[in-house]
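Content type mmCIF, C-alpha atoms, from the file query_32.cif:
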data_upload
loop_
_atom_site.label_atom_id
_atom_site.label_comp_id
_atom_site.auth_asym_id
_atom_site.auth_seq_id
_atom_site.Cartn_x
_atom_site.Cartn_y
_atom_site.Cartn_z
CA MET A 226 119.50 108.17 101.95
CA LEU A 227 116.26 109.11 103.64
CA GLY A 228 114.29 111.95 102.06
CA LEU A 229 111.24 113.92 103.12
CA ARG A 230 108.25 115.19 101.18
CA SER A 231 105.53 117.42 102.53
CA CYS A 232 102.17 116.80 100.88
CA ALA A 233 99.64 119.64 100.83
CA THR A 234 96.75 117.32 99.96
CA LEU A 235 95.65 113.83 100.98
CA ALA A 236 95.42 112.89 97.29
CA GLU A 237 99.06 113.77 96.72
CA ALA A 238 100.16 111.61 99.67
CA ALA A 239 97.91 108.74 98.55
CA GLY A 240 99.35 108.91 95.04
CA ILE A 241 102.94 108.76 96.28
CA LEU A 242 102.16 105.94 98.74
CA SER A 243 100.54 103.89 95.96
CA GLY A 244 103.42 104.37 93.56
CA ASP A 245 106.49 104.27 95.82
CA ARG A 246 107.05 101.19 97.95
CA GLN A 247 109.75 102.98 99.92
CA ALA A 248 107.48 105.86 100.95
CA VAL A 249 106.43 105.90 104.62
CA LEU A 250 103.85 108.26 106.06
CA VAL A 251 104.86 110.09 109.25
CA GLY A 252 101.92 111.02 111.46
CA GLY A 253 102.98 112.11 114.93
CA GLY A 254 106.38 110.47 114.56
CA THR A 255 106.12 108.24 117.64
CA LEU A 256 106.45 105.05 115.53
CA VAL A 257 108.27 106.05 112.34
CA MET A 258 110.82 108.45 113.86
CA ARG A 259 111.73 105.80 116.42
CA ASP A 260 112.71 103.54 113.52
CA VAL A 261 114.72 106.42 112.04
CA ASN A 262 116.54 107.02 115.34
CA GLU A 263 117.33 103.33 115.75
CA GLY A 264 118.68 102.98 112.21
CA ARG A 265 115.94 100.63 111.04
CA LEU A 266 114.68 103.11 108.47
CA THR A 267 117.52 104.55 106.41
CA GLU A 268 116.23 104.48 102.83
CA GLY A 269 113.16 105.87 101.11
CA THR A 270 110.97 108.88 101.62
CA LEU A 271 109.15 110.12 104.69
CA LEU A 272 105.80 111.67 103.79
CA ARG A 273 104.30 114.46 105.83
CA VAL A 274 100.68 115.50 105.28
CA THR A 275 99.89 119.16 105.92
CA ASP A 276 96.31 118.95 104.58
CA PRO A 277 94.04 120.28 107.38
CA ALA A 278 91.50 117.54 106.52
CA PHE A 279 94.00 115.02 107.90
CA ARG A 280 93.56 116.47 111.39
CA GLN A 281 89.85 117.17 111.23
CA LEU A 282 87.54 115.81 113.87
CA ASN A 283 83.78 115.67 113.35
CA ALA A 284 82.19 114.34 116.51
CA SER A 285 78.97 116.27 117.04
CA GLY A 286 76.51 113.76 115.53
CA GLY A 287 75.87 110.04 115.80
CA ARG A 288 78.38 109.22 113.06
CA ILE A 289 81.84 110.25 114.18
CA GLU A 290 84.64 110.95 111.73
CA LEU A 291 88.19 111.24 112.93
CA GLY A 292 90.98 112.23 110.54
CA ALA A 293 93.93 109.86 110.68
CA GLY A 294 96.13 112.76 111.84
CA VAL A 295 93.92 113.54 114.85
CA THR A 296 96.03 113.25 118.00
CA MET A 297 95.15 111.61 121.30
CA ALA A 298 95.26 115.10 122.85
CA GLN A 299 92.62 116.28 120.35
CA VAL A 300 90.39 113.35 121.31
CA LEU A 301 90.84 114.25 124.99
CA ALA A 302 89.99 117.90 124.28
CA SER A 303 86.66 116.95 122.68
CA ARG A 304 83.73 116.69 125.09
CA ASP A 305 81.75 114.88 122.41
CA LEU A 306 84.27 112.04 122.53
CA ALA A 307 84.13 111.48 126.30
CA PHE A 308 83.44 107.76 125.79
CA LEU A 309 86.83 107.46 124.05
CA HIS A 310 88.76 109.39 126.71
CA PRO A 311 89.80 106.34 128.78
CA ALA A 312 91.36 104.80 125.65
CA ALA A 313 93.09 108.03 124.59
CA ARG A 314 94.38 108.62 128.12
CA ALA A 315 95.91 105.13 128.12
CA ILE A 316 98.36 106.19 125.40
CA GLY A 317 101.73 107.42 126.70
CA GLY A 318 102.37 110.57 128.70
CA PRO A 319 101.19 114.09 127.78
CA ALA A 320 103.95 114.65 125.19
CA VAL A 321 103.22 111.37 123.41
CA ARG A 322 99.51 112.18 123.40
CA ASN A 323 100.24 115.54 121.76
CA MET A 324 101.97 113.68 118.92
CA ALA A 325 100.49 110.18 118.61
CA THR A 326 97.71 109.96 116.01
CA ILE A 327 94.70 107.72 115.54
CA GLY A 328 96.03 106.65 112.13
CA GLY A 329 99.41 105.76 113.59
CA ASN A 330 97.81 103.73 116.37
CA LEU A 331 96.26 101.47 113.71
CA PHE A 332 99.80 100.49 112.75
CA ALA A 333 101.29 100.22 116.26
CA GLU A 334 102.71 96.76 116.79
CA THR A 335 101.60 94.70 119.75
CA PRO A 336 101.72 95.31 122.73
CA TYR A 337 101.06 98.92 121.61
CA GLY A 338 97.93 100.10 119.80
CA ASP A 339 95.46 100.36 122.70
CA PHE A 340 93.26 102.97 120.99
CA THR A 341 92.71 100.63 118.05
CA VAL A 342 91.31 98.05 120.48
CA ALA A 343 88.64 100.56 121.51
CA LEU A 344 87.86 101.31 117.85
CA LEU A 345 87.57 97.59 117.11
CA ALA A 346 84.93 97.14 119.81
CA LEU A 347 83.02 100.04 118.23
CA ASP A 348 82.95 98.37 114.77
CA ALA A 349 84.98 101.20 113.28
CA GLN A 350 85.49 101.67 109.55
CA VAL A 351 88.89 102.72 108.26
CA VAL A 352 88.77 105.18 105.35
CA VAL A 353 91.32 104.16 102.74
CA GLN A 354 92.43 106.20 99.76
CA ALA A 355 94.41 104.32 97.14
CA GLY A 356 95.96 106.44 94.40
CA TYR A 357 94.21 109.67 93.48
CA GLY A 358 90.67 108.28 93.86
CA THR A 359 88.22 108.98 96.65
CA GLY A 360 88.23 107.20 99.99
CA ARG A 361 86.35 103.97 100.66
CA GLY A 362 85.40 102.42 103.98
CA VAL A 363 87.06 99.18 105.07
CA PRO A 364 86.00 97.38 108.27
CA LEU A 365 88.75 97.81 110.86
CA GLU A 366 88.88 94.05 111.42
CA GLU A 367 89.57 93.49 107.72
CA PHE A 368 92.26 96.18 107.73
CA LEU A 369 93.96 94.56 110.75
CA ALA A 370 93.88 91.12 109.12
CA GLY A 371 95.55 92.67 106.07
CA ARG A 372 98.13 94.35 108.28
CA GLU A 373 99.01 91.01 109.84
CA ARG A 374 99.49 89.50 106.36
CA GLY A 375 101.61 92.48 105.36
CA THR A 376 99.22 93.86 102.76
CA LEU A 377 98.31 97.48 103.22
CA PRO A 378 95.57 99.06 101.15
CA GLY A 379 96.82 102.64 100.68
CA LEU A 380 96.64 105.89 102.61
CA ILE A 381 94.47 105.77 105.72
CA THR A 382 92.75 109.15 105.75
CA GLY A 383 90.53 108.60 108.75
CA VAL A 384 88.31 106.42 110.90
CA GLN A 385 84.52 106.38 111.23
CA VAL A 386 82.63 105.09 114.26
CA SER A 387 79.03 105.21 115.43
CA ARG A 388 78.49 106.86 118.77
CA PRO A 389 77.29 104.33 121.37
CA ALA A 390 73.61 105.01 122.08
CA ASN A 391 74.44 104.83 125.78
CA PRO A 392 78.05 105.80 126.63
CA ALA A 393 77.90 103.59 129.75
CA ASP A 394 77.62 100.55 127.45
CA PHE A 395 81.19 101.10 126.29
CA ARG A 396 84.01 100.01 128.58
CA PHE A 397 87.76 100.09 128.14
CA ARG A 398 90.59 98.95 130.34
CA LYS A 399 94.33 98.75 129.87
CA ILE A 400 96.22 96.47 132.19
CA SER A 401 99.84 97.42 132.82
CA ARG A 402 102.27 96.65 135.59
CA VAL A 403 103.93 100.06 135.83
CA LYS A 404 101.81 102.87 137.28
CA PRO A 405 100.68 105.40 136.29
CA LYS A 406 101.87 104.64 132.75
CA GLY A 407 103.09 101.33 131.45
CA ILE A 408 103.01 99.29 128.28
CA ALA A 409 99.99 96.99 128.05
CA VAL A 410 100.01 93.50 129.45
CA MET A 411 96.73 93.59 127.59
CA SER A 412 93.87 95.96 126.86
CA ILE A 413 90.20 95.07 126.69
CA ALA A 414 87.34 97.05 125.17
CA ALA A 415 83.68 96.06 125.26
CA HIS A 416 80.58 97.60 123.74
CA LEU A 417 77.55 95.96 125.33
CA PRO A 418 74.34 97.60 124.12
CA ALA A 419 71.28 96.21 125.89
CA GLN A 420 67.63 96.06 125.01
CA GLY A 421 65.24 95.33 127.85
CA GLY A 422 68.19 94.37 130.02
CA ARG A 423 69.53 91.83 127.50
CA ILE A 424 72.78 92.36 125.65
CA MET A 425 72.35 92.68 121.88
CA GLN A 426 75.26 92.69 119.43
CA ALA A 427 78.02 92.57 122.00
CA ARG A 428 81.44 93.59 120.73
CA VAL A 429 84.55 92.72 122.75
CA ALA A 430 88.12 93.30 121.59
CA TYR A 431 91.56 92.56 122.99
CA GLY A 432 94.95 94.18 122.52
CA ALA A 433 98.25 92.32 123.06
CA MET A 434 96.45 88.96 122.99
CA ALA A 435 97.34 88.32 119.30
CA PRO A 436 99.73 89.84 116.72
CA VAL A 437 97.06 92.50 115.99
CA PRO A 438 94.02 93.60 118.04
CA VAL A 439 91.34 90.88 117.79
CA ARG A 440 87.66 90.43 118.48
CA ALA A 441 86.74 88.06 121.31
CA ARG A 442 84.07 86.16 119.42
CA GLY A 443 83.63 83.51 122.10
CA VAL A 444 82.87 86.18 124.69
CA GLU A 445 80.50 87.98 122.32
CA ARG A 446 78.56 84.74 121.75
CA ALA A 447 78.46 83.95 125.46
CA LEU A 448 76.99 87.36 126.26
CA GLU A 449 74.49 87.60 123.40
CA GLY A 450 70.90 87.81 124.64
CA LYS A 451 71.96 87.52 128.29
CA THR A 452 71.59 89.88 131.19
CA LEU A 453 74.98 90.86 132.55
CA ASP A 454 74.80 88.77 135.72
CA ALA A 455 77.28 86.50 137.49
CA ALA A 456 76.35 83.50 135.34
CA ALA A 457 76.83 85.42 132.08
CA ILE A 458 80.15 86.80 133.26
CA GLN A 459 81.32 83.31 134.20
CA ALA A 460 80.32 82.00 130.77
CA ALA A 461 82.19 84.91 129.15
CA GLN A 462 85.29 84.14 131.22
CA GLN A 463 85.21 80.51 130.12
CA ALA A 464 85.14 81.60 126.48
CA ALA A 465 87.67 84.40 127.00
CA LEU A 466 90.68 82.74 125.40
CA GLU A 467 89.03 81.75 122.12
CA GLY A 468 91.12 83.04 119.22
CA CYS A 469 93.93 84.36 121.43
CA ARG A 470 97.54 84.01 120.28
CA PRO A 471 99.46 86.12 122.79
CA ALA A 472 103.22 86.55 122.61
CA THR A 473 105.92 86.41 125.24
CA ASP A 474 107.66 89.78 125.40
CA ALA A 475 109.44 92.01 127.90
CA ILE A 476 106.12 93.00 129.48
CA ALA A 477 104.56 89.57 130.12
CA SER A 478 104.82 85.94 129.09
CA GLU A 479 102.27 84.20 126.92
CA TRP A 480 101.35 82.00 129.90
CA TYR A 481 100.75 85.02 132.16
CA ARG A 482 98.59 86.77 129.58
CA ARG A 483 96.42 83.67 129.19
CA GLU A 484 96.14 83.26 132.98
CA VAL A 485 95.08 86.82 133.79
CA LEU A 486 92.87 87.63 130.80
CA PRO A 487 89.72 85.95 132.22
CA VAL A 488 90.28 87.72 135.56
CA HIS A 489 90.51 91.17 133.97
CA LEU A 490 87.66 90.44 131.57
CA GLY A 491 85.49 89.45 134.53
CA ARG A 492 86.33 92.67 136.37
CA LEU A 493 85.61 94.77 133.28
CA LEU A 494 82.23 93.12 132.74
CA ALA A 495 81.32 93.36 136.43
CA GLY A 496 82.35 97.02 136.47
CA GLU A 497 84.78 96.39 139.32
CA ALA A 498 87.86 98.42 140.11
CA ARG A 499 90.94 96.96 138.48
CA MET B 71 121.42 116.14 99.73
CA ALA B 72 120.45 119.79 99.78
CA LYS B 73 119.71 121.22 103.18
CA THR B 74 116.33 122.69 104.05
CA PRO B 75 116.06 126.06 105.81
CA VAL B 76 113.95 126.16 108.98
CA GLN B 77 113.04 129.17 111.07
CA PHE B 78 111.35 129.16 114.45
CA ARG B 79 111.36 131.05 117.71
CA LEU B 80 113.52 129.43 120.36
CA ASN B 81 112.87 130.66 123.90
CA GLY B 82 111.72 134.00 122.55
CA SER B 83 114.50 134.58 119.97
CA ASP B 84 114.17 134.07 116.24
CA ARG B 85 116.53 131.34 115.09
CA ALA B 86 117.24 129.72 111.74
CA ALA B 87 119.09 126.59 110.72
CA PHE B 88 119.79 124.51 107.65
CA VAL B 89 118.68 120.94 108.34
CA ASP B 90 118.72 117.59 106.58
CA ALA B 91 115.12 117.05 105.54
CA PRO B 92 114.32 114.17 107.94
CA GLU B 93 116.31 115.70 110.83
CA THR B 94 114.76 115.69 114.27
CA LEU B 95 114.12 118.86 116.25
CA LEU B 96 116.44 117.54 118.96
CA ASN B 97 119.36 117.25 116.51
CA THR B 98 118.68 120.73 115.17
CA LEU B 99 118.58 122.17 118.69
CA ARG B 100 121.71 120.43 119.95
CA ARG B 101 123.92 120.23 116.86
CA GLY B 102 122.66 123.18 114.85
CA LEU B 103 121.72 125.78 117.45
CA GLY B 104 123.83 124.82 120.49
CA GLU B 105 120.78 124.42 122.72
CA PHE B 106 121.83 121.62 125.03
CA ALA B 107 119.02 121.55 127.63
CA PRO B 108 117.02 118.78 125.92
CA LYS B 109 118.96 115.52 125.89
CA TYR B 110 119.01 112.41 123.74
CA GLY B 111 117.90 109.56 125.98
CA CYS B 112 116.10 106.59 124.47
CA GLY B 113 115.21 107.91 121.01
CA GLN B 114 111.93 105.99 121.32
CA GLY B 115 109.56 108.34 123.12
CA THR B 116 109.84 106.46 126.39
CA CYS B 117 112.11 108.55 128.64
CA GLY B 118 110.92 112.13 128.10
CA VAL B 119 114.35 113.71 128.54
CA CYS B 120 114.07 115.45 125.14
CA THR B 121 110.72 117.08 126.04
CA VAL B 122 110.31 120.63 124.70
CA LEU B 123 107.28 122.86 124.27
CA VAL B 124 106.07 123.62 120.75
CA ASP B 125 103.52 126.45 120.86
CA GLY B 126 103.13 125.71 124.57
CA GLU B 127 102.41 121.99 124.26
CA PRO B 128 104.93 119.36 125.37
CA VAL B 129 106.32 117.17 122.58
CA LEU B 130 109.27 114.81 122.30
CA SER B 131 111.89 116.59 120.22
CA CYS B 132 113.72 113.35 119.35
CA LEU B 133 110.61 112.20 117.43
CA THR B 134 109.62 115.56 115.94
CA LEU B 135 110.69 116.63 112.46
CA SER B 136 112.43 120.02 112.49
CA VAL B 137 110.58 121.11 109.36
CA ALA B 138 107.29 120.59 111.22
CA CYS B 139 108.35 123.41 113.60
CA GLU B 140 108.65 126.07 110.88
CA GLY B 141 107.26 129.35 112.22
CA ARG B 142 106.39 127.92 115.61
CA HIS B 143 107.63 128.71 119.12
CA VAL B 144 109.97 126.13 120.65
CA GLU B 145 110.72 126.42 124.36
CA THR B 146 113.24 124.44 126.37
CA ALA B 147 114.27 124.38 130.02
CA SER B 148 116.91 127.03 129.14
CA GLY B 149 114.09 129.51 128.67
CA LEU B 150 112.87 129.17 132.24
CA ALA B 151 115.37 131.38 134.05
CA ASP B 152 115.21 135.15 133.61
CA GLY B 153 118.90 136.08 133.55
CA PRO B 154 120.31 135.13 136.95
CA GLU B 155 116.84 134.76 138.43
CA LEU B 156 115.62 131.18 138.51
CA HIS B 157 112.06 130.23 137.61
CA PRO B 158 110.03 129.12 140.67
CA LEU B 159 110.11 125.57 139.29
CA GLN B 160 113.91 125.58 139.17
CA ALA B 161 114.13 127.04 142.67
CA ALA B 162 111.70 124.42 143.97
CA PHE B 163 113.69 121.61 142.32
CA MET B 164 116.77 122.87 144.20
CA ASP B 165 114.96 123.35 147.51
CA HIS B 166 113.40 119.90 147.43
CA PHE B 167 116.41 117.98 146.09
CA ALA B 168 114.48 117.01 142.96
CA ALA B 169 117.65 116.66 140.87
CA GLN B 170 120.28 114.05 141.59
CA CYS B 171 122.20 113.12 138.44
CA GLY B 172 120.24 115.83 136.63
CA PHE B 173 119.79 114.05 133.31
CA CYS B 174 115.99 113.94 133.48
CA THR B 175 115.69 117.44 134.96
CA PRO B 176 115.25 119.50 131.74
CA GLY B 177 112.45 117.17 130.62
CA MET B 178 110.83 117.19 134.06
CA LEU B 179 110.97 121.00 134.25
CA THR B 180 109.47 121.34 130.78
CA ALA B 181 106.66 118.86 131.49
CA ALA B 182 105.95 120.62 134.80
CA ARG B 183 105.94 124.02 133.11
CA ALA B 184 103.34 122.80 130.61
CA LEU B 185 101.19 121.63 133.52
CA LEU B 186 101.46 124.88 135.50
CA ALA B 187 100.69 126.96 132.41
CA LYS B 188 97.24 125.37 132.35
CA ASN B 189 96.68 124.50 135.98
CA LEU B 190 98.18 126.58 138.78
CA SER B 191 96.76 124.44 141.57
CA PRO B 192 97.27 120.86 140.41
CA THR B 193 96.51 117.92 142.66
CA ARG B 194 99.21 115.38 143.43
CA ASP B 195 97.62 112.96 140.93
CA GLU B 196 97.62 115.65 138.22
CA VAL B 197 101.33 116.26 138.82
CA ILE B 198 102.04 112.53 138.58
CA GLU B 199 100.05 112.35 135.34
CA ALA B 200 101.90 115.37 133.92
CA ILE B 201 105.31 113.75 134.42
CA SER B 202 104.14 110.22 133.59
CA GLY B 203 106.07 110.38 130.31
CA ASN B 204 109.34 111.31 132.02
CA ILE B 205 111.57 108.70 133.58
CA CYS B 206 113.85 109.41 136.56
CA ARG B 207 116.15 106.65 137.77
CA CYS B 208 117.56 108.50 140.79
CA THR B 209 114.96 110.19 142.93
CA GLY B 210 112.05 107.78 143.07
CA TYR B 211 109.93 110.74 141.84
CA GLU B 212 108.74 111.85 145.28
CA PRO B 213 111.04 114.90 145.54
CA ILE B 214 110.09 115.90 141.98
CA VAL B 215 106.36 115.69 142.71
CA THR B 216 106.87 117.64 145.94
CA ALA B 217 108.90 120.31 144.13
CA ILE B 218 106.28 120.80 141.41
CA LEU B 219 103.51 121.08 144.01
CA ALA B 220 105.61 123.64 145.94
CA ALA B 221 106.31 125.65 142.78
CA ALA B 222 102.62 125.69 141.91
CA ASN B 223 101.97 127.69 145.04
CA ALA B 224 104.96 130.01 144.61
CA PRO B 225 104.49 133.54 143.24
CA GLY B 226 105.32 133.85 139.54
CA ALA B 227 104.87 130.14 138.80
CA ARG B 228 103.07 130.83 135.56
CA ARG B 229 105.67 133.36 134.40
CA ALA B 230 106.16 132.95 130.64
#
Show me, as C-alpha cells, the structure contained in the file I just sent.
Amino acid sequence: MLGLRSCATLAEAAGILSGDRQAVLVGGGTLVMRDVNEGRLTEGTLLRVTDPAFRQLNASGGRIELGAGVTMAQVLASRDLAFLHPAARAIGGPAVRNMATIGGNLFAETPYGDFTVALLALDAQVVVQAGYGTGRGVPLEEFLAGRERGTLPGLITGVQVSRPANPADFRFRKISRVKPKGIAVMSIAAHLPAQGGRIMQARVAYGAMAPVPVRARGVERALEGKTLDAAAIQAAQQAALEGCRPATDAIASEWYRREVLPVHLGRLLAGEAR
Amino acid sequence: MAKTPVQFRLNGSDRAAFVDAPETLLNTLRRGLGEFAPKYGCGQGTCGVCTVLVDGEPVLSCLTLSVACEGRHVETASGLADGPELHPLQAAFMDHFAAQCGFCTPGMLTAARALLAKNLSPTRDEVIEAISGNICRCTGYEPIVTAILAAANAPGARRA
C-alpha cells in the first residue's frame, strides 16, 4: 500500500527520509507519479513538502539560491535568472514546466535531466539535509557520482550557484530530433569565462552522454588559457569524447551520440545556429 | 486505508471528494467527480491529454496529487462553454477542423486557453510552444495552430 505524508517543514521531511527507506519525496510529480501510474512504485510513503522555503528563489545577488521545489516556470519568470532560461525552456511543455522542479531534475534519469547539465557547468552546490540537522553543501558532481552508485545523502533542500560574471560566457544547447520539443539526444552546457581574451576555468558538461550528467574534462583542458578561435575549437572537438559512456536508447544509439557530439560541441563553442 | 477529504473549485463550482491519499487529480476528476473532459493517455507527462488548469496554470492532472489541489481552482475543457454557447476556441476548432478523433482536443483547448489568458495576440511560434506538450496523432497540428490563431482574434477569446 502506498501512503502519503505532507510535511510542513524541511526538517520533518529530512527526518522521515533518513529513517524510512521506503519514503520517496514528490516534488512536481513528473518523475515519481509516473512510477506510481506505471505500477513501479506501489509500496512505501510519498512525501510532500509544503514548507514555503522549499520553493524559495533568491536570485538578486551574485550567489544564487534555488529551493529544490522551485519549478522551471519559476526560473523562467525570474529576470535575474535569464542566463538559465534556455535550460529551463528545454524542459517539457508549459504544463511540465509548471510542475517539474530543480530538485527533481537532479534525479531525472538519462536522457532526461537537462537542467542539471546547466547547473553542472556552473559548478553548482547541492544543499543536503540529513536527519534533523542543518543543510550542508555538496558539489553537484559529487552528488551525481553518488547517485550513479545508488547512494543518496538525504533531503535535497536546494541548489546554490554563482552568477556568471558575464552571462554571454554561459551557453546551453539541447539537441533533440523532434521539434519544437523532444527528448535529448544530448545536451551541452559550457561556462567559458575569459580574462584578456583567454579562457580561464572553463566548465563544460554533457547530458545523455553517460549514466548521469558529466563534466567534459578533456574539452575543459583543451580550452584552458586559449582564445576561442578555430584552432581551440578543433582541439576541443578532438577531446570531446573523453569520459563519455553514452547509452543506446529509443532516442539515439551510442554510436550516433558519439558521432554527433563533436559536431554539436563545435557549433556551441563557435556560437553557430544549431 | 482511510480516505482523505479534498475540496476545490471545479469550473466555478465548489466540489468535494474523498480520495486515497496518493490519488491523482485525474482519477479524482474522472472517477470521483464524473468530470470526463481530461483523459488518461500516457500516464507519463508526455501526451498532454490530461492537461487542466490549476489556479490558471496548465498542469498534467495524471501526475498531480489531488491533495495538492485543496482550496484551489481546477478548470477543464468542460468549463469553456457557457451553456449552449461555445467558447471562441471551441468554435474555432470546429471551423478549422482542428479535431479529428478528438482525444487530444480537451488538452489542446486547455493549453490554448492558458496561452490566450496571458497573450491575446500570440505569434505562430508562441502557439506552437504553448501546445508543445500536447500530442496529436491525427491532424498534423496545422489545423490546431490555425484554429488557436483564429480564436485569438475572435471577440471574447479571453472570456473566463
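Nearest residue to chain B among A:Pro319, A:Gly371, A:Gly244, A:Gly362 is A:Pro319, counting all atoms listed in the file.
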Residues of chain A that approach chain B to 7 Å or less, counting only C-alpha atoms: could you list each one with the shortest pair of atoms and its distance in Å to one decimal, rows by chain and increasing residue number, as a Markdown table?
| residue | atom | partner | partner_atom | distance |
| --- | --- | --- | --- | --- |
| A:Leu227 | CA | B:Pro92 | CA | 6.9 |
| A:Gly228 | CA | B:Ala91 | CA | 6.2 |
| A:Leu229 | CA | B:Ala91 | CA | 5.5 |
| A:Gly254 | CA | B:Leu133 | CA | 5.4 |
| A:Thr255 | CA | B:Leu133 | CA | 6.0 |
| A:Met258 | CA | B:Leu133 | CA | 5.2 |
| A:Arg259 | CA | B:Gln114 | CA | 4.9 |
| A:Asn262 | CA | B:Gly113 | CA | 5.9 |
| A:Gly317 | CA | B:Gly203 | CA | 6.4 |
| A:Gly318 | CA | B:Gly203 | CA | 4.0 |
| A:Pro319 | CA | B:Ala200 | CA | 6.3 |
| A:Ala320 | CA | B:Val129 | CA | 4.3 |
| A:Val321 | CA | B:Val129 | CA | 6.6 |
| A:Asn323 | CA | B:Val129 | CA | 6.3 |
| A:Met324 | CA | B:Val129 | CA | 6.7 |
| A:Pro405 | CA | B:Ser202 | CA | 6.5 |
| A:Lys406 | CA | B:Ser202 | CA | 6.1 |
Please produce a file of the residues just selected, as a compact mmCIF listing (two decimals), keeping the file's coordinate frame, where the atoms kept are C-alpha atoms.
# COMPACT_ATOMS: atom_id res chain seq x y z
CA LEU A 227 116.26 109.11 103.64
CA GLY A 228 114.29 111.95 102.06
CA LEU A 229 111.24 113.92 103.12
CA GLY A 254 106.38 110.47 114.56
CA THR A 255 106.12 108.24 117.64
CA MET A 258 110.82 108.45 113.86
CA ARG A 259 111.73 105.80 116.42
CA ASN A 262 116.54 107.02 115.34
CA GLY A 317 101.73 107.42 126.70
CA GLY A 318 102.37 110.57 128.70
CA PRO A 319 101.19 114.09 127.78
CA ALA A 320 103.95 114.65 125.19
CA VAL A 321 103.22 111.37 123.41
CA ASN A 323 100.24 115.54 121.76
CA MET A 324 101.97 113.68 118.92
CA PRO A 405 100.68 105.40 136.29
CA LYS A 406 101.87 104.64 132.75
Item to check | Long-range neighbours of Pro436 of chain A as a PyMOL selection string, 12 Å cut-off, only C-alpha atoms, 4 positions minimum in chain | outcome: chain A and resi 332-338+369-375+411+431-432+468-474+479
Next on the checklist: Applying the PyMOL selection byres ((chain A and resi 306-311) around 9) to the file I just gave you, which residues come out? Please list them as a ChimeraX atom specification.
Outcome noted: /A:284-285,289,297,300-305,312-315,340,343-344,388-389,392-393,395-399
Residues near segment 222-225 of chain B, anyone? I mean within 8 Å using all atoms listed in the file, not counting same-chain ones fewer than 2 positions away, as a PDB file with C-alpha atoms, in the coordinates of the input.
ATOM      1  CA  PRO B 158     110.030 129.120 140.670  1.00  0.00           C
ATOM      2  CA  LEU B 159     110.110 125.570 139.290  1.00  0.00           C
ATOM      3  CA  LEU B 186     101.460 124.880 135.500  1.00  0.00           C
ATOM      4  CA  LEU B 190      98.180 126.580 138.780  1.00  0.00           C
ATOM      5  CA  SER B 191      96.760 124.440 141.570  1.00  0.00           C
ATOM      6  CA  PRO B 192      97.270 120.860 140.410  1.00  0.00           C
ATOM      7  CA  ILE B 218     106.280 120.800 141.410  1.00  0.00           C
ATOM      8  CA  LEU B 219     103.510 121.080 144.010  1.00  0.00           C
ATOM      9  CA  ALA B 220     105.610 123.640 145.940  1.00  0.00           C
ATOM     10  CA  ALA B 227     104.870 130.140 138.800  1.00  0.00           C
TER      11      ALA B 227
END
Checklist entry - What does the PyMOL selection byres ((chain A and resi 346) around 8) select in this file, as a list in words? => result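 Evaluating the PyMOL selection byres ((chain A and resi 346) around 8) on these coordinates yields Val342, Ala343, Leu344, Leu345, Leu347, Asp348, Ala349, Ala414, Ala415, His416, Arg428, Val429, Ala430 and Arg440 of chain A.
Among A:Gln459, A:Ser243, A:Gln281, A:Thr326, the residue with the shortest atom-to-atom distance to Gly356 of chain A, counting only C-alpha atoms, is A:Ser243.
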Next on the checklist: Given the point (86.7, 98.0, 104.5) in the file's coordinates, find the residues that have an atom at most 10 Å from it, counting all atoms listed in the file, and give them as a VMD selection string.
Outcome noted: chain A and resid 349 to 353 361 to 368 378
Item to check | Neighbour residues at most 9 Å from (93.6, 106.0, 90.8) (all atoms listed in the file) as a list in words | outcome: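 Taken together, the residues in range are Gly240, Ser243, Ala355, Gly356, Tyr357, Gly358 and Thr359 of chain A.
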Let me see the file: selected residues, C-alpha atoms, as a PDB file, in the frame of the given file.
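What landed in result-v4.pdb:
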ATOM      1  CA  GLY A 240      99.350 108.910  95.040  1.00  0.00           C
ATOM      2  CA  SER A 243     100.540 103.890  95.960  1.00  0.00           C
ATOM      3  CA  ALA A 355      94.410 104.320  97.140  1.00  0.00           C
ATOM      4  CA  GLY A 356      95.960 106.440  94.400  1.00  0.00           C
ATOM      5  CA  TYR A 357      94.210 109.670  93.480  1.00  0.00           C
ATOM      6  CA  GLY A 358      90.670 108.280  93.860  1.00  0.00           C
ATOM      7  CA  THR A 359      88.220 108.980  96.650  1.00  0.00           C
TER       8      THR A 359
END
Checklist entry - Quick one: residues within 8 Å of Thr452 of chain A, only C-alpha atoms counted, chain neighbours fewer than 5 positions away excluded, as a list in words? => result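 Listed by chain and then number, they are Gly422, Arg423, Ile424 and Ala457 of chain A.
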